[in-house]
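S.K.: Here it is, the structure in full.
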Amino acid sequence: MKFGGTSVGTPECIRRAAGLVQQSAAEHRVIVVVSAFSKVTDTIVASLQAAKSGAGGEVASLCEGLRQRHREVAAELFPSGPAPELLAALEESCDRLVQICSGMGQLRTSSPQIADMALALGEEMSAVIVTAFLQQQGVAAAYVDSARVLKTDGKFGEANPEMDATAHHAREVLLPLVKQGAVPIVTGYRGATASGQLTTLGRGGSDYSATILGAAVAADEIWIWTDVDGVLTADPRVCRDASTLSEITFAEAVELSHYGAKVIHERAVRPARDAGIPVWIKNSFRPEVPGTRIAGAARRDFRTVKAVSAVPKASLITVSTRQDGHFAETLGRLLMRLAAEHVELLLSTQSSQNALGLVVRQPDEQRVLEVIQRLFRTELRHGVLEPVSVQRDIAVIAVLGEAMKGKPGTLARLFTAVAAQQVSVIAVAQGASELNICFAVPSAAANAVVHAVHEEFALADAVEAVPPVLQPEPLSPVMLS
Ligand code: ADP
Ligand code: ASP
Ligand code: MG
């Protein structure tokens, strides 16, 4: 079970989360992963930025704010006063943040490795508080620093798990606790390299911690507790009438998160999919709602279009060769270099013989332009490549659903609805798998387009869950000798 920041953001939320753990632990063997309290990681990021720019006063006030918040939460959860060890642990985490920031302030520099030592502190503080509170409630909770278990490579800030080493440590550290009847409370988001250096899994990475650890211990299910009823047909902040999907496939979940749905971290889907473990997204504020099941194949929800999501700020970069240029070779070199630089493409189009359009997230734009400049210096100088053009402030809208495959008319309905908004489409791509249709529109029109698509495909109407039909086992041919 993983509890996100909003599910442990206040003393009241922690009591609710603890109740859910206690209830489940009475029937099942449970491992808990916790995020930092809501907004804590954002505040650490802000402290690091302030430290780097030499704003000592701001650093002091941000760090003091974090210290105060954790002290207050602890004071409220333990009416007769938090245990001295708990207070000491919280003070120590905050002191470490102050030290890291002060070192950075003096040097006016940072590195992803140093940043990770600070970023990982939020989970440390929330996990010690949640552990102590559960113990007070009579649950045999045991604090586990994920750095002891979740082993990663050294890509600080966006580390990748070493699955074999993690499975080994999970068997050594987590399973014995579970066997003794304890409930491990594990810090989300952070891990460590083989030599023990702290790493983080990228923002929103506690979901990833949960699926990595779930896969490592071969869990029956992975439950992600958050602040919405499950995966919804659209971002509820954009479409207030978005409905909850009872089921989506792993493939759909990957696409949805890639195109902006924050409800599950994009990389988190993979370990669960590889291990074939269903993931449930559930609302910690309304635990009676069943939530969304993410699994290999949908058994209940057969809508053609299931959801619409958007990346609101993107840029279209167009690279064109002269008519007689080596287009395929140029394109190949560029894509390989972008992959090496870990730039994710949102959408790409080649609709003329010699022009390639790449849509990337706006924060990646500068990096892509620098790559093009470095890679094609000569070609640009000699006019083999035309000057690169950039169109900013566009949004990528993704419309998805596995059942769109082979269904004629979906594109026509979609673009008629978009046209009715007087919005002109800048670029389009339909995945070969027909799992999704992506298109770019001006950023200013993104919300209107998301609404129009949501409306056109009647996504606000919840689909009644049809009970799964039990199929007889398929007959398999037998070779007779
Ligand atoms: P947590 O702190 O629990 O990890 P997040 O804020 O990371 O929670 O993710 C949950 C949020 O994702 C929701 O509050 C919602 O605003 C947002 N969200 C965006 N798109 C979707 C979607 N399609 N379905 C559900 N939630 C979505
Ligand atoms: N606390 C981390 C973040 O805010 C990880 C997470 O919440 O999943 O990015
Ligand atoms: Mg999250």
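In the structure tokens, chains take letters A, B, ... by order of appearance, with residues numbered from 1 within each chain and ligands from 1 in the order shown.
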Name each residue within 9 Å of ligand 2, counting only C-alpha atoms and all ligand atoms, as a count of residues only.
M.R.: 31
S.K.: Which neighbours of range 142-156 of chain A fall inside 8 Å, counting only C-alpha atoms, when residues of the same chain fewer than 3 positions from it are skipped, and could you give them as a ChimeraX atom specification?
M.R.: /A:112-113,116,124,127-128,131,159-163,165-166,169-170,173,177,182-188,190-194,196,198-201,209,212-213
S.K.: Determine, using only C-alpha atoms, which residues of range 3-105 of chain A have any atom at most 12 Å from an atom of range 134-139 of chain A, and tabulate each with its shortest atom pair and distance in Å to one decimal place, rows ordered by chain and then rising number, as a Markdown table.
M.R.:
```
| residue | atom | partner | partner_atom | distance |
| --- | --- | --- | --- | --- |
| A:Ile14 | CA | A:Leu134 | CA | 9.3 |
| A:Arg15 | CA | A:Leu134 | CA | 8.7 |
| A:Arg16 | CA | A:Leu134 | CA | 11.0 |
| A:Ala17 | CA | A:Leu134 | CA | 9.6 |
| A:Ala18 | CA | A:Leu134 | CA | 6.1 |
| A:Gly19 | CA | A:Leu134 | CA | 8.7 |
| A:Leu20 | CA | A:Leu134 | CA | 10.7 |
| A:Val21 | CA | A:Leu134 | CA | 8.5 |
| A:Gln22 | CA | A:Val139 | CA | 6.6 |
| A:Gln23 | CA | A:Val139 | CA | 10.1 |
| A:Ser24 | CA | A:Val139 | CA | 11.1 |
| A:Ala25 | CA | A:Val139 | CA | 8.4 |
| A:Ala26 | CA | A:Val139 | CA | 9.4 |
| A:Val30 | CA | A:Val139 | CA | 11.5 |
| A:Val32 | CA | A:Leu134 | CA | 11.4 |
| A:Leu77 | CA | A:Gln136 | CA | 9.5 |
| A:Phe78 | CA | A:Gln136 | CA | 8.3 |
| A:Pro79 | CA | A:Gln136 | CA | 10.9 |
| A:Ser80 | CA | A:Gln136 | CA | 11.1 |
| A:Gly81 | CA | A:Gln136 | CA | 11.7 |
| A:Pro82 | CA | A:Gln136 | CA | 10.1 |
| A:Ala83 | CA | A:Gln136 | CA | 10.3 |
| A:Leu86 | CA | A:Gln135 | CA | 11.9 |
```
S.K.: Kindly save the residues from that selection, with N, CA, C and O atoms included, as a PDB file, in the first residue's frame.
M.R.:
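Saved as result.pdb:
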```
ATOM      1  N   ILE A  14      -3.340  11.369   8.503  1.00  0.00           N
ATOM      2  CA  ILE A  14      -2.490  10.276   9.016  1.00  0.00           C
ATOM      3  C   ILE A  14      -3.340   9.309   9.845  1.00  0.00           C
ATOM      4  O   ILE A  14      -3.188   8.091   9.729  1.00  0.00           O
ATOM      5  N   ARG A  15      -4.267   9.861  10.636  1.00  0.00           N
ATOM      6  CA  ARG A  15      -5.152   8.963  11.416  1.00  0.00           C
ATOM      7  C   ARG A  15      -5.970   8.087  10.477  1.00  0.00           C
ATOM      8  O   ARG A  15      -6.123   6.892  10.698  1.00  0.00           O
ATOM      9  N   ARG A  16      -6.468   8.705   9.392  1.00  0.00           N
ATOM     10  CA  ARG A  16      -7.290   7.949   8.441  1.00  0.00           C
ATOM     11  C   ARG A  16      -6.443   6.863   7.768  1.00  0.00           C
ATOM     12  O   ARG A  16      -6.855   5.706   7.672  1.00  0.00           O
ATOM     13  N   ALA A  17      -5.238   7.254   7.323  1.00  0.00           N
ATOM     14  CA  ALA A  17      -4.354   6.290   6.651  1.00  0.00           C
ATOM     15  C   ALA A  17      -3.992   5.152   7.603  1.00  0.00           C
ATOM     16  O   ALA A  17      -3.999   3.975   7.224  1.00  0.00           O
ATOM     17  N   ALA A  18      -3.706   5.513   8.851  1.00  0.00           N
ATOM     18  CA  ALA A  18      -3.325   4.490   9.835  1.00  0.00           C
ATOM     19  C   ALA A  18      -4.483   3.514  10.037  1.00  0.00           C
ATOM     20  O   ALA A  18      -4.278   2.296  10.161  1.00  0.00           O
ATOM     21  N   GLY A  19      -5.706   4.055  10.037  1.00  0.00           N
ATOM     22  CA  GLY A  19      -6.883   3.191  10.177  1.00  0.00           C
ATOM     23  C   GLY A  19      -6.963   2.185   9.031  1.00  0.00           C
ATOM     24  O   GLY A  19      -7.260   1.002   9.237  1.00  0.00           O
ATOM     25  N   LEU A  20      -6.657   2.658   7.829  1.00  0.00           N
ATOM     26  CA  LEU A  20      -6.712   1.766   6.661  1.00  0.00           C
ATOM     27  C   LEU A  20      -5.645   0.685   6.756  1.00  0.00           C
ATOM     28  O   LEU A  20      -5.884  -0.480   6.433  1.00  0.00           O
ATOM     29  N   VAL A  21      -4.465   1.077   7.226  1.00  0.00           N
ATOM     30  CA  VAL A  21      -3.384   0.091   7.369  1.00  0.00           C
ATOM     31  C   VAL A  21      -3.782  -0.944   8.422  1.00  0.00           C
ATOM     32  O   VAL A  21      -3.669  -2.160   8.206  1.00  0.00           O
ATOM     33  N   GLN A  22      -4.286  -0.440   9.535  1.00  0.00           N
ATOM     34  CA  GLN A  22      -4.642  -1.327  10.650  1.00  0.00           C
ATOM     35  C   GLN A  22      -5.703  -2.345  10.210  1.00  0.00           C
ATOM     36  O   GLN A  22      -5.580  -3.544  10.475  1.00  0.00           O
ATOM     37  N   GLN A  23      -6.690  -1.832   9.508  1.00  0.00           N
ATOM     38  CA  GLN A  23      -7.788  -2.686   9.032  1.00  0.00           C
ATOM     39  C   GLN A  23      -7.246  -3.775   8.082  1.00  0.00           C
ATOM     40  O   GLN A  23      -7.568  -4.944   8.217  1.00  0.00           O
ATOM     41  N   SER A  24      -6.408  -3.368   7.136  1.00  0.00           N
ATOM     42  CA  SER A  24      -5.890  -4.343   6.169  1.00  0.00           C
ATOM     43  C   SER A  24      -4.940  -5.318   6.829  1.00  0.00           C
ATOM     44  O   SER A  24      -4.925  -6.507   6.497  1.00  0.00           O
ATOM     45  N   ALA A  25      -4.119  -4.795   7.762  1.00  0.00           N
ATOM     46  CA  ALA A  25      -3.120  -5.661   8.381  1.00  0.00           C
ATOM     47  C   ALA A  25      -3.774  -6.737   9.244  1.00  0.00           C
ATOM     48  O   ALA A  25      -3.162  -7.768   9.521  1.00  0.00           O
ATOM     49  N   ALA A  26      -5.033  -6.507   9.635  1.00  0.00           N
ATOM     50  CA  ALA A  26      -5.725  -7.522  10.421  1.00  0.00           C
ATOM     51  C   ALA A  26      -6.047  -8.748   9.557  1.00  0.00           C
ATOM     52  O   ALA A  26      -6.167  -9.861  10.048  1.00  0.00           O
ATOM     53  N   VAL A  30       0.809  -6.845   4.944  1.00  0.00           N
ATOM     54  CA  VAL A  30       0.872  -5.545   4.266  1.00  0.00           C
ATOM     55  C   VAL A  30       2.255  -4.919   4.400  1.00  0.00           C
ATOM     56  O   VAL A  30       2.879  -4.990   5.466  1.00  0.00           O
ATOM     57  N   VAL A  32       3.844  -1.073   3.704  1.00  0.00           N
ATOM     58  CA  VAL A  32       3.369   0.291   3.429  1.00  0.00           C
ATOM     59  C   VAL A  32       4.525   1.136   2.894  1.00  0.00           C
ATOM     60  O   VAL A  32       5.648   1.047   3.383  1.00  0.00           O
ATOM     61  N   LEU A  77      -0.553  14.447  16.933  1.00  0.00           N
ATOM     62  CA  LEU A  77      -0.839  13.004  16.882  1.00  0.00           C
ATOM     63  C   LEU A  77      -0.584  12.311  18.219  1.00  0.00           C
ATOM     64  O   LEU A  77      -1.124  11.235  18.473  1.00  0.00           O
ATOM     65  N   PHE A  78       0.294  12.920  19.025  1.00  0.00           N
ATOM     66  CA  PHE A  78       0.649  12.265  20.296  1.00  0.00           C
ATOM     67  C   PHE A  78       0.295  13.227  21.429  1.00  0.00           C
ATOM     68  O   PHE A  78       1.125  14.047  21.835  1.00  0.00           O
ATOM     69  N   PRO A  79      -0.939  13.135  21.931  1.00  0.00           N
ATOM     70  CA  PRO A  79      -1.400  14.124  22.913  1.00  0.00           C
ATOM     71  C   PRO A  79      -0.513  14.182  24.156  1.00  0.00           C
ATOM     72  O   PRO A  79      -0.322  15.249  24.719  1.00  0.00           O
ATOM     73  N   SER A  80       0.076  13.034  24.543  1.00  0.00           N
ATOM     74  CA  SER A  80       0.921  13.122  25.740  1.00  0.00           C
ATOM     75  C   SER A  80       2.373  13.442  25.358  1.00  0.00           C
ATOM     76  O   SER A  80       3.304  13.184  26.117  1.00  0.00           O
ATOM     77  N   GLY A  81       2.541  13.971  24.159  1.00  0.00           N
ATOM     78  CA  GLY A  81       3.876  14.388  23.723  1.00  0.00           C
ATOM     79  C   GLY A  81       4.551  13.306  22.906  1.00  0.00           C
ATOM     80  O   GLY A  81       4.521  12.128  23.288  1.00  0.00           O
ATOM     81  N   PRO A  82       5.152  13.673  21.761  1.00  0.00           N
ATOM     82  CA  PRO A  82       5.850  12.679  20.944  1.00  0.00           C
ATOM     83  C   PRO A  82       7.059  12.133  21.696  1.00  0.00           C
ATOM     84  O   PRO A  82       7.641  12.846  22.526  1.00  0.00           O
ATOM     85  N   ALA A  83       7.409  10.891  21.406  1.00  0.00           N
ATOM     86  CA  ALA A  83       8.574  10.268  22.062  1.00  0.00           C
ATOM     87  C   ALA A  83       9.828  11.070  21.729  1.00  0.00           C
ATOM     88  O   ALA A  83       9.950  11.588  20.619  1.00  0.00           O
ATOM     89  N   LEU A  86      11.458  10.216  18.479  1.00  0.00           N
ATOM     90  CA  LEU A  86      10.778  10.715  17.275  1.00  0.00           C
ATOM     91  C   LEU A  86      11.179  12.171  17.037  1.00  0.00           C
ATOM     92  O   LEU A  86      11.564  12.560  15.929  1.00  0.00           O
TER      93      LEU A  86
END
```
S.K.: To one decimal place, how far is CA of Ala403 in chain A from CA of Ala460 in chain A in Å?
M.R.: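 Between CA of Ala403 in chain A and CA of Ala460 in chain A the gap works out to 17.7 Å.
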S.K.: Counting only C-alpha atoms, give me one row per residue of range 337-405 of chain A with an atom at most 10 Å from an atom of range 246-261 of chain A, showing the shortest contact pair and its distance in Å to one decimal, sorted by chain then residue number, as CSV.
M.R.:
```
residue,atom,partner,partner_atom,distance
A:Glu344,CA,A:His258,CA,9.4
A:Leu345,CA,A:His258,CA,10.0
A:Leu346,CA,A:Tyr259,CA,7.6
A:Val396,CA,A:Tyr259,CA,7.6
A:Ile397,CA,A:Tyr259,CA,7.5
A:Ala398,CA,A:Tyr259,CA,6.3
A:Val399,CA,A:Leu256,CA,8.7
A:Leu400,CA,A:Glu252,CA,7.1
A:Gly401,CA,A:Glu252,CA,6.7
A:Glu402,CA,A:Glu252,CA,7.1
```
S.K.: Find the residue from A:Thr416, A:Ser93, A:Thr318, A:Ser243 that sits nearest to ligand 1; use only C-alpha atoms and all ligand atoms when measuring.
M.R.: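 Between A:Thr416, A:Ser93, A:Thr318, A:Ser243, the residue approaching ligand 1 most closely is A:Ser243.
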S.K.: Looking only at the backbone, which of the residues in range 333-428 of chain A does DSSP tag as helix (DSSP H, G or I), as a count of residues only?
M.R.: 40
S.K.: Could you report the residues within 6 Å of ligand 1, using only C-alpha atoms and all ligand atoms, as a ChimeraX atom specification?
M.R.: /A:4-6,204,226-228,230-237,261-263
S.K.: Can I get the selected residues back with all heavy atoms, as a short mmCIF file (atom, residue, chain, number, x, y, z; two decimals), in the first residue's frame?
M.R.:
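Below you can see out.cif, which holds the result:
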```cif
data_model
loop_
_atom_site.label_atom_id
_atom_site.label_comp_id
_atom_site.auth_asym_id
_atom_site.auth_seq_id
_atom_site.Cartn_x
_atom_site.Cartn_y
_atom_site.Cartn_z
N GLY A 4 -0.01 8.56 -0.80
CA GLY A 4 0.56 9.77 -1.41
C GLY A 4 0.55 10.93 -0.42
O GLY A 4 -0.04 10.83 0.67
N GLY A 5 1.19 12.02 -0.83
CA GLY A 5 1.36 13.19 0.04
C GLY A 5 0.07 13.72 0.64
O GLY A 5 0.01 14.03 1.83
N THR A 6 -0.99 13.78 -0.18
CA THR A 6 -2.25 14.32 0.36
C THR A 6 -2.90 13.33 1.32
O THR A 6 -3.68 13.73 2.18
CB THR A 6 -3.25 14.66 -0.76
OG1 THR A 6 -3.22 13.62 -1.72
CG2 THR A 6 -2.91 15.98 -1.42
N GLY A 204 7.21 12.54 -7.97
CA GLY A 204 6.05 11.64 -8.01
C GLY A 204 6.46 10.18 -7.90
O GLY A 204 5.64 9.28 -8.12
N THR A 226 -4.75 7.61 -2.88
CA THR A 226 -4.53 8.99 -3.27
C THR A 226 -5.75 9.83 -2.88
O THR A 226 -6.51 9.44 -1.98
CB THR A 226 -4.16 9.06 -4.77
OG1 THR A 226 -3.86 10.40 -5.12
CG2 THR A 226 -5.25 8.53 -5.67
N ASP A 227 -5.93 10.97 -3.54
CA ASP A 227 -7.01 11.88 -3.14
C ASP A 227 -8.14 11.95 -4.15
O ASP A 227 -8.95 12.87 -4.12
CB ASP A 227 -6.45 13.29 -2.86
CG ASP A 227 -5.83 13.92 -4.09
OD1 ASP A 227 -5.60 13.20 -5.08
OD2 ASP A 227 -5.56 15.14 -4.07
N VAL A 228 -8.19 11.04 -5.12
CA VAL A 228 -9.31 10.96 -6.06
C VAL A 228 -9.79 9.50 -6.09
O VAL A 228 -9.07 8.60 -5.65
CB VAL A 228 -8.92 11.42 -7.49
CG1 VAL A 228 -8.85 12.93 -7.59
CG2 VAL A 228 -7.61 10.79 -7.94
N GLY A 230 -9.94 7.27 -8.24
CA GLY A 230 -9.26 6.28 -9.07
C GLY A 230 -8.72 7.02 -10.28
O GLY A 230 -8.50 8.23 -10.23
N VAL A 231 -8.53 6.28 -11.37
CA VAL A 231 -8.15 6.93 -12.62
C VAL A 231 -9.45 7.46 -13.23
O VAL A 231 -10.41 6.71 -13.39
CB VAL A 231 -7.46 5.94 -13.58
CG1 VAL A 231 -7.10 6.65 -14.88
CG2 VAL A 231 -6.21 5.36 -12.93
N LEU A 232 -9.46 8.73 -13.54
CA LEU A 232 -10.67 9.36 -14.04
C LEU A 232 -10.57 9.58 -15.54
O LEU A 232 -9.47 9.55 -16.12
CB LEU A 232 -10.90 10.69 -13.33
CG LEU A 232 -10.90 10.64 -11.80
CD1 LEU A 232 -11.16 12.03 -11.22
CD2 LEU A 232 -11.95 9.69 -11.28
N THR A 233 -11.73 9.84 -16.14
CA THR A 233 -11.77 10.01 -17.60
C THR A 233 -11.06 11.28 -18.05
O THR A 233 -10.77 11.42 -19.24
CB THR A 233 -13.24 10.05 -18.06
OG1 THR A 233 -13.94 10.99 -17.21
CG2 THR A 233 -13.90 8.69 -17.95
N ALA A 234 -10.77 12.19 -17.13
CA ALA A 234 -9.99 13.40 -17.43
C ALA A 234 -9.48 13.94 -16.10
O ALA A 234 -9.94 13.51 -15.04
CB ALA A 234 -10.85 14.44 -18.13
N ASP A 235 -8.56 14.88 -16.18
CA ASP A 235 -8.07 15.53 -14.96
C ASP A 235 -9.26 16.24 -14.31
O ASP A 235 -9.87 17.12 -14.92
CB ASP A 235 -6.98 16.53 -15.35
CG ASP A 235 -6.31 17.16 -14.13
OD1 ASP A 235 -6.94 17.20 -13.05
OD2 ASP A 235 -5.16 17.60 -14.27
N PRO A 236 -9.59 15.86 -13.06
CA PRO A 236 -10.78 16.45 -12.44
C PRO A 236 -10.67 17.96 -12.23
O PRO A 236 -11.67 18.64 -12.04
CB PRO A 236 -10.88 15.72 -11.09
CG PRO A 236 -9.51 15.17 -10.84
CD PRO A 236 -8.90 14.91 -12.18
N ARG A 237 -9.44 18.48 -12.28
CA ARG A 237 -9.30 19.94 -12.13
C ARG A 237 -9.71 20.64 -13.42
O ARG A 237 -10.01 21.83 -13.43
CB ARG A 237 -7.85 20.30 -11.77
CG ARG A 237 -7.47 19.85 -10.35
CD ARG A 237 -5.98 19.85 -10.14
NE ARG A 237 -5.34 18.90 -11.07
CZ ARG A 237 -4.05 18.63 -11.07
NH1 ARG A 237 -3.26 19.21 -10.20
NH2 ARG A 237 -3.54 17.77 -11.93
N ALA A 261 -1.55 12.68 -16.98
CA ALA A 261 -2.38 12.30 -15.83
C ALA A 261 -1.45 11.94 -14.67
O ALA A 261 -0.77 10.92 -14.69
CB ALA A 261 -3.29 11.14 -16.17
N LYS A 262 -1.46 12.80 -13.65
CA LYS A 262 -0.49 12.67 -12.57
C LYS A 262 -0.84 11.53 -11.61
O LYS A 262 -0.06 11.19 -10.72
CB LYS A 262 -0.52 14.00 -11.81
CG LYS A 262 0.63 14.30 -10.94
CD LYS A 262 0.40 15.65 -10.26
CE LYS A 262 1.29 15.79 -9.06
NZ LYS A 262 0.67 16.65 -8.05
N VAL A 263 -2.02 10.95 -11.77
CA VAL A 263 -2.53 10.01 -10.77
C VAL A 263 -1.63 8.78 -10.58
O VAL A 263 -1.55 8.22 -9.50
CB VAL A 263 -4.00 9.63 -11.08
CG1 VAL A 263 -4.11 8.87 -12.39
CG2 VAL A 263 -4.63 8.89 -9.95
#
```
S.K.: Which residue, A:Asp324, A:Asp393, A:Asp461, A:Glu341, has the smallest gap to Gln362 in chain A when you use only C-alpha atoms?
M.R.: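 Once distances to Gln362 in chain A are computed over only C-alpha atoms, the minimum belongs to A:Asp393.
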